[in-house]
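Below is entry38.tsv, which holds TSV, C-alpha atoms and all ligand atoms.
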```tsv
chain	number	residue	atom	x	y	z
Q	1	MET	CA	40.83	4.51	3.10
Q	2	SER	CA	37.19	4.33	4.14
Q	3	GLU	CA	35.96	1.46	6.30
Q	4	ALA	CA	32.38	1.99	5.12
Q	5	LYS	CA	30.20	-1.08	4.77
Q	6	TYR	CA	27.95	0.47	2.12
Q	7	ARG	CA	28.39	2.96	-0.69
Q	8	VAL	CA	25.33	4.96	-1.69
Q	9	TYR	CA	25.25	6.74	-5.04
Q	10	LEU	CA	22.53	9.35	-5.39
Q	11	CYS	CA	21.84	10.47	-8.91
Q	12	GLY	CA	22.86	14.09	-9.34
Q	13	GLY	CA	21.72	14.32	-12.94
Q	14	PRO	CA	19.45	17.15	-14.07
Q	15	HIS	CA	16.13	15.28	-13.81
Q	16	CYS	CA	16.75	13.85	-10.36
Q	17	SER	CA	18.15	17.16	-9.15
Q	18	ALA	CA	15.00	18.93	-10.33
Q	19	LYS	CA	12.96	16.45	-8.29
Q	20	GLY	CA	14.57	17.50	-5.02
Q	21	LEU	CA	17.86	15.68	-4.79
Q	22	GLY	CA	19.38	18.30	-2.49
Q	23	GLY	CA	16.72	17.90	0.18
Q	24	LEU	CA	16.87	14.13	-0.14
Q	25	ARG	CA	20.62	14.13	0.33
Q	26	ASP	CA	20.28	16.24	3.48
Q	27	HIS	CA	17.57	13.91	4.75
Q	28	LEU	CA	19.69	10.83	4.04
Q	29	GLU	CA	22.70	12.30	5.85
Q	30	LEU	CA	20.52	13.21	8.85
Q	31	GLU	CA	18.97	9.74	9.02
Q	32	LEU	CA	22.40	8.10	8.81
Q	33	TRP	CA	23.57	10.30	11.66
Q	34	ASN	CA	20.42	9.62	13.71
Q	35	HIS	CA	20.97	5.87	13.35
Q	36	ARG	CA	24.72	6.20	13.99
Q	37	LEU	CA	25.45	4.84	10.54
Q	38	ASP	CA	27.35	7.82	9.19
Q	39	ALA	CA	30.71	6.05	9.58
Q	40	CYS	CA	29.36	2.87	7.95
Q	41	VAL	CA	27.92	4.42	4.82
Q	42	ASP	CA	29.68	6.57	2.24
Q	43	VAL	CA	27.34	8.83	0.28
Q	44	PHE	CA	28.22	10.06	-3.19
Q	45	VAL	CA	26.34	12.19	-5.67
Q	46	GLY	CA	27.10	11.09	-9.20
Q	47	SER	CA	26.01	11.71	-12.72
Q	48	CYS	CA	22.83	10.60	-14.47
Q	49	GLN	CA	22.04	6.91	-13.90
Q	50	ASP	CA	20.08	6.72	-17.16
Q	51	HIS	CA	16.69	6.05	-15.55
Q	52	CYS	CA	15.50	9.64	-15.53
Q	53	ASP	CA	11.76	8.90	-15.80
Q	54	TYR	CA	11.86	7.09	-12.44
Q	55	GLY	CA	13.94	9.50	-10.39
Q	56	PRO	CA	15.09	10.45	-7.94
Q	57	ASN	CA	17.28	7.35	-8.18
Q	58	MET	CA	19.89	5.78	-5.94
Q	59	LEU	CA	22.23	2.79	-6.13
Q	60	ILE	CA	23.58	0.92	-3.14
Q	61	TRP	CA	26.72	-1.20	-3.23
Q	62	PRO	CA	27.47	-3.96	-2.49
Q	63	GLY	CA	24.84	-4.81	-4.99
Q	64	PRO	CA	23.87	-3.02	-6.99
Q	65	TYR	CA	20.47	-2.39	-5.50
Q	66	ARG	CA	18.57	0.28	-7.38
Q	67	TYR	CA	15.94	2.34	-5.63
Q	68	ALA	CA	13.76	4.69	-7.65
Q	69	GLN	CA	11.13	7.38	-7.07
Q	70	LEU	CA	12.70	8.26	-3.75
Q	71	ASN	CA	11.15	10.55	-1.19
Q	72	ARG	CA	11.96	11.26	2.45
Q	73	ALA	CA	9.76	8.45	3.77
Q	74	THR	CA	11.23	5.82	1.47
Q	75	LEU	CA	14.77	7.01	2.23
Q	76	THR	CA	14.08	6.56	5.93
Q	77	GLU	CA	12.78	3.05	5.29
Q	78	ILE	CA	15.87	2.20	3.24
Q	79	VAL	CA	18.18	3.50	5.97
Q	80	GLU	CA	16.40	1.53	8.70
Q	81	HIS	CA	16.10	-1.74	6.82
Q	82	HIS	CA	18.78	-1.93	4.13
Q	83	LEU	CA	21.61	0.09	5.68
Q	84	ARG	CA	20.97	-0.63	9.38
Q	85	ASP	CA	19.44	-4.13	9.31
Q	86	ASN	CA	21.12	-5.36	6.11
Q	87	THR	CA	17.76	-6.22	4.55
Q	88	PRO	CA	17.03	-4.66	1.15
Q	89	VAL	CA	13.54	-3.18	0.97
Q	90	GLN	CA	12.02	-5.35	-1.71
Q	91	HIS	CA	8.89	-3.26	-2.31
Q	92	LEU	CA	10.99	-0.15	-2.93
Q	93	LEU	CA	13.50	-1.68	-5.36
Q	94	ALA	CA	13.19	-0.57	-8.98
Q	95	THR	CA	10.95	-2.86	-10.96
Q	96	PRO	CA	12.29	-4.57	-14.12
Q	97	GLU	CA	10.84	-1.91	-16.41
Q	98	MET	CA	12.54	0.77	-14.28
Q	99	ARG	CA	15.90	-0.97	-14.80
Q	100	ARG	CA	15.93	-0.62	-18.57
D	201	LIG	S1	18.94	12.45	-13.98
D	201	LIG	FE1	18.76	10.85	-12.52
D	201	LIG	S2	18.64	9.07	-13.75
D	201	LIG	FE2	18.96	10.67	-15.18
```

The structure in this file should be written as structure tokens.
Amino acid sequence: MSEAKYRVYLCGGPHCSAKGLGGLRDHLELELWNHRLDACVDVFVGSCQDHCDYGPNMLIWPGPYRYAQLNRATLTEIVEHHLRDNTPVQHLLATPEMRR
């Protein structure tokens, strides 16, 4: 059984995949490794999270915390603050209209 502190669910649905999910997943895995967090964070690619207009999307548990419109820079920020320093990145969290 995993001892991970966080579980990250990247949306692998068709819209998020078309917006570069594969490269984002690689970037996330590299950043976790660079920050020595790879054993603390389990990364999963799941099905559509039903917020396709705001993708690429990602959920972090415990939470859920929903991040939307991801890119490499925002993923790095989330790794450094949320996953390393345990501080969710408020300005990157999905807004209420993105949560519908
Ligand atoms: S494809 Fe990602 S939210 Fe639907």

For ligand LIG 201 (chain D), return the neighbouring residues as a list in words (distance at most 6 Å; all atoms listed in the file).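 For ligand LIG 201 (chain D), the residues inside 6 Å are Cys11, Gly13, Pro14, His15, Cys16, Cys48, Gln49, Asp50, His51, Cys52, Gly55, Pro56 and Asn57 of chain Q.
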
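Taking only C-alpha atoms into account, Ser2 in chain Q lies nearest to Q:Asp42 out of the set Q:Glu97, Q:Gly20, Q:Asp42, Q:Arg25.
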
Would you be able to write out as a list of chain:residue names which residues have an atom within 10 Å of (22.1, 9.2, 7.5) in the file's coordinates, counting all atoms listed in the file?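 Returned residue set, sorted by chain then number, is Q:Arg25, Q:Asp26, Q:His27, Q:Leu28, Q:Glu29, Q:Leu30, Q:Glu31, Q:Leu32, Q:Trp33, Q:Asn34, Q:His35, Q:Arg36, Q:Leu37, Q:Asp38, Q:Ala39, Q:Cys40, Q:Val41, Q:Asp42, Q:Val43, Q:Leu75, Q:Thr76, Q:Val79, Q:Glu80, Q:Leu83.
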
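Note that CA of Asp85 in chain Q and CA of Ala73 in chain Q are 16.8 Å apart.
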
Write out as a ChimeraX atom specification each polymer residue whose atoms come within 10 Å of range 88-93 of chain Q, counting all atoms listed in the file; drop sequence neighbours fewer than 2 positions from it. /Q:58-60,63,65-70,74-75,77-86,95-96,98-99

What gap, in Å, lies between CA of Asn71 in chain Q and CA of Ala18 in chain Q? 13.0 Å

Between Q:Val8, Q:Ser17, Q:Gly46, Q:Gly22, which has the minimum distance to Pro64 in chain Q (counting only C-alpha atoms)? Q:Val8

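The spacing separating CA of Trp61 in chain Q from CA of Leu21 in chain Q amounts to 19.1 Å.
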
Tell me which of Q:Thr87, Q:Leu10, Q:Lys19, Q:Ala4 sits closest to Asp53 in chain Q, counting all atoms listed in the file.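 When distances to Asp53 in chain Q are compared using all atoms listed in the file, the smallest one comes from Q:Lys19.
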
Could you rebuild range 3-33 of chain Q with N, CA and C atoms and give me the result as a PDB file, in the frame of the given file?
```pdb
ATOM      1  N   GLU Q   3      36.353   2.776   5.782  1.00  0.00           N
ATOM      2  CA  GLU Q   3      35.960   1.460   6.300  1.00  0.00           C
ATOM      3  C   GLU Q   3      34.465   1.245   6.129  1.00  0.00           C
ATOM      4  N   ALA Q   4      33.828   2.054   5.284  1.00  0.00           N
ATOM      5  CA  ALA Q   4      32.380   1.990   5.120  1.00  0.00           C
ATOM      6  C   ALA Q   4      31.935   0.615   4.636  1.00  0.00           C
ATOM      7  N   LYS Q   5      30.790   0.206   5.141  1.00  0.00           N
ATOM      8  CA  LYS Q   5      30.200  -1.080   4.770  1.00  0.00           C
ATOM      9  C   LYS Q   5      29.394  -0.951   3.488  1.00  0.00           C
ATOM     10  N   TYR Q   6      28.778   0.216   3.309  1.00  0.00           N
ATOM     11  CA  TYR Q   6      27.950   0.470   2.120  1.00  0.00           C
ATOM     12  C   TYR Q   6      28.401   1.740   1.427  1.00  0.00           C
ATOM     13  N   ARG Q   7      28.195   1.741   0.106  1.00  0.00           N
ATOM     14  CA  ARG Q   7      28.390   2.960  -0.690  1.00  0.00           C
ATOM     15  C   ARG Q   7      27.045   3.277  -1.346  1.00  0.00           C
ATOM     16  N   VAL Q   8      26.598   4.499  -1.145  1.00  0.00           N
ATOM     17  CA  VAL Q   8      25.330   4.960  -1.690  1.00  0.00           C
ATOM     18  C   VAL Q   8      25.618   6.006  -2.755  1.00  0.00           C
ATOM     19  N   TYR Q   9      25.057   5.807  -3.937  1.00  0.00           N
ATOM     20  CA  TYR Q   9      25.250   6.740  -5.040  1.00  0.00           C
ATOM     21  C   TYR Q   9      23.907   7.372  -5.391  1.00  0.00           C
ATOM     22  N   LEU Q  10      23.725   8.608  -5.005  1.00  0.00           N
ATOM     23  CA  LEU Q  10      22.530   9.350  -5.390  1.00  0.00           C
ATOM     24  C   LEU Q  10      22.749   9.924  -6.777  1.00  0.00           C
ATOM     25  N   CYS Q  11      21.731   9.885  -7.586  1.00  0.00           N
ATOM     26  CA  CYS Q  11      21.840  10.470  -8.910  1.00  0.00           C
ATOM     27  C   CYS Q  11      21.790  11.997  -8.799  1.00  0.00           C
ATOM     28  N   GLY Q  12      22.807  12.628  -9.332  1.00  0.00           N
ATOM     29  CA  GLY Q  12      22.860  14.090  -9.340  1.00  0.00           C
ATOM     30  C   GLY Q  12      22.615  14.662 -10.721  1.00  0.00           C
ATOM     31  N   GLY Q  13      22.037  13.849 -11.599  1.00  0.00           N
ATOM     32  CA  GLY Q  13      21.720  14.320 -12.940  1.00  0.00           C
ATOM     33  C   GLY Q  13      20.621  15.368 -12.913  1.00  0.00           C
ATOM     34  N   PRO Q  14      20.389  16.020 -14.052  1.00  0.00           N
ATOM     35  CA  PRO Q  14      19.450  17.150 -14.070  1.00  0.00           C
ATOM     36  C   PRO Q  14      18.013  16.788 -13.698  1.00  0.00           C
ATOM     37  N   HIS Q  15      17.521  15.638 -14.111  1.00  0.00           N
ATOM     38  CA  HIS Q  15      16.130  15.280 -13.810  1.00  0.00           C
ATOM     39  C   HIS Q  15      15.948  14.962 -12.328  1.00  0.00           C
ATOM     40  N   CYS Q  16      16.861  14.190 -11.780  1.00  0.00           N
ATOM     41  CA  CYS Q  16      16.750  13.850 -10.360  1.00  0.00           C
ATOM     42  C   CYS Q  16      17.004  15.085  -9.489  1.00  0.00           C
ATOM     43  N   SER Q  17      17.905  15.938  -9.915  1.00  0.00           N
ATOM     44  CA  SER Q  17      18.150  17.160  -9.150  1.00  0.00           C
ATOM     45  C   SER Q  17      16.911  18.040  -9.118  1.00  0.00           C
ATOM     46  N   ALA Q  18      16.216  18.109 -10.257  1.00  0.00           N
ATOM     47  CA  ALA Q  18      15.000  18.930 -10.330  1.00  0.00           C
ATOM     48  C   ALA Q  18      13.880  18.364  -9.464  1.00  0.00           C
ATOM     49  N   LYS Q  19      13.982  17.085  -9.132  1.00  0.00           N
ATOM     50  CA  LYS Q  19      12.960  16.450  -8.290  1.00  0.00           C
ATOM     51  C   LYS Q  19      13.340  16.467  -6.812  1.00  0.00           C
ATOM     52  N   GLY Q  20      14.301  17.291  -6.437  1.00  0.00           N
ATOM     53  CA  GLY Q  20      14.570  17.500  -5.020  1.00  0.00           C
ATOM     54  C   GLY Q  20      15.733  16.731  -4.451  1.00  0.00           C
ATOM     55  N   LEU Q  21      16.708  16.447  -5.260  1.00  0.00           N
ATOM     56  CA  LEU Q  21      17.860  15.680  -4.790  1.00  0.00           C
ATOM     57  C   LEU Q  21      18.520  16.324  -3.570  1.00  0.00           C
ATOM     58  N   GLY Q  22      18.668  17.637  -3.584  1.00  0.00           N
ATOM     59  CA  GLY Q  22      19.380  18.300  -2.490  1.00  0.00           C
ATOM     60  C   GLY Q  22      18.731  18.031  -1.136  1.00  0.00           C
ATOM     61  N   GLY Q  23      17.427  18.158  -1.077  1.00  0.00           N
ATOM     62  CA  GLY Q  23      16.720  17.900   0.180  1.00  0.00           C
ATOM     63  C   GLY Q  23      16.808  16.433   0.568  1.00  0.00           C
ATOM     64  N   LEU Q  24      16.762  15.558  -0.423  1.00  0.00           N
ATOM     65  CA  LEU Q  24      16.870  14.130  -0.140  1.00  0.00           C
ATOM     66  C   LEU Q  24      18.249  13.783   0.398  1.00  0.00           C
ATOM     67  N   ARG Q  25      19.271  14.404  -0.167  1.00  0.00           N
ATOM     68  CA  ARG Q  25      20.620  14.130   0.330  1.00  0.00           C
ATOM     69  C   ARG Q  25      20.739  14.570   1.786  1.00  0.00           C
ATOM     70  N   ASP Q  26      20.236  15.758   2.095  1.00  0.00           N
ATOM     71  CA  ASP Q  26      20.280  16.240   3.480  1.00  0.00           C
ATOM     72  C   ASP Q  26      19.529  15.290   4.399  1.00  0.00           C
ATOM     73  N   HIS Q  27      18.361  14.821   3.939  1.00  0.00           N
ATOM     74  CA  HIS Q  27      17.570  13.910   4.750  1.00  0.00           C
ATOM     75  C   HIS Q  27      18.310  12.588   4.971  1.00  0.00           C
ATOM     76  N   LEU Q  28      18.934  12.079   3.923  1.00  0.00           N
ATOM     77  CA  LEU Q  28      19.690  10.830   4.040  1.00  0.00           C
ATOM     78  C   LEU Q  28      20.831  10.999   5.046  1.00  0.00           C
ATOM     79  N   GLU Q  29      21.570  12.082   4.931  1.00  0.00           N
ATOM     80  CA  GLU Q  29      22.700  12.300   5.850  1.00  0.00           C
ATOM     81  C   GLU Q  29      22.205  12.407   7.295  1.00  0.00           C
ATOM     82  N   LEU Q  30      21.076  13.081   7.498  1.00  0.00           N
ATOM     83  CA  LEU Q  30      20.520  13.210   8.850  1.00  0.00           C
ATOM     84  C   LEU Q  30      20.086  11.859   9.392  1.00  0.00           C
ATOM     85  N   GLU Q  31      19.417  11.061   8.571  1.00  0.00           N
ATOM     86  CA  GLU Q  31      18.970   9.740   9.020  1.00  0.00           C
ATOM     87  C   GLU Q  31      20.159   8.836   9.327  1.00  0.00           C
ATOM     88  N   LEU Q  32      21.204   8.907   8.525  1.00  0.00           N
ATOM     89  CA  LEU Q  32      22.400   8.100   8.810  1.00  0.00           C
ATOM     90  C   LEU Q  32      23.001   8.515  10.152  1.00  0.00           C
ATOM     91  N   TRP Q  33      23.029   9.802  10.395  1.00  0.00           N
ATOM     92  CA  TRP Q  33      23.570  10.300  11.660  1.00  0.00           C
ATOM     93  C   TRP Q  33      22.666   9.868  12.817  1.00  0.00           C
TER      94      TRP Q  33
END
```
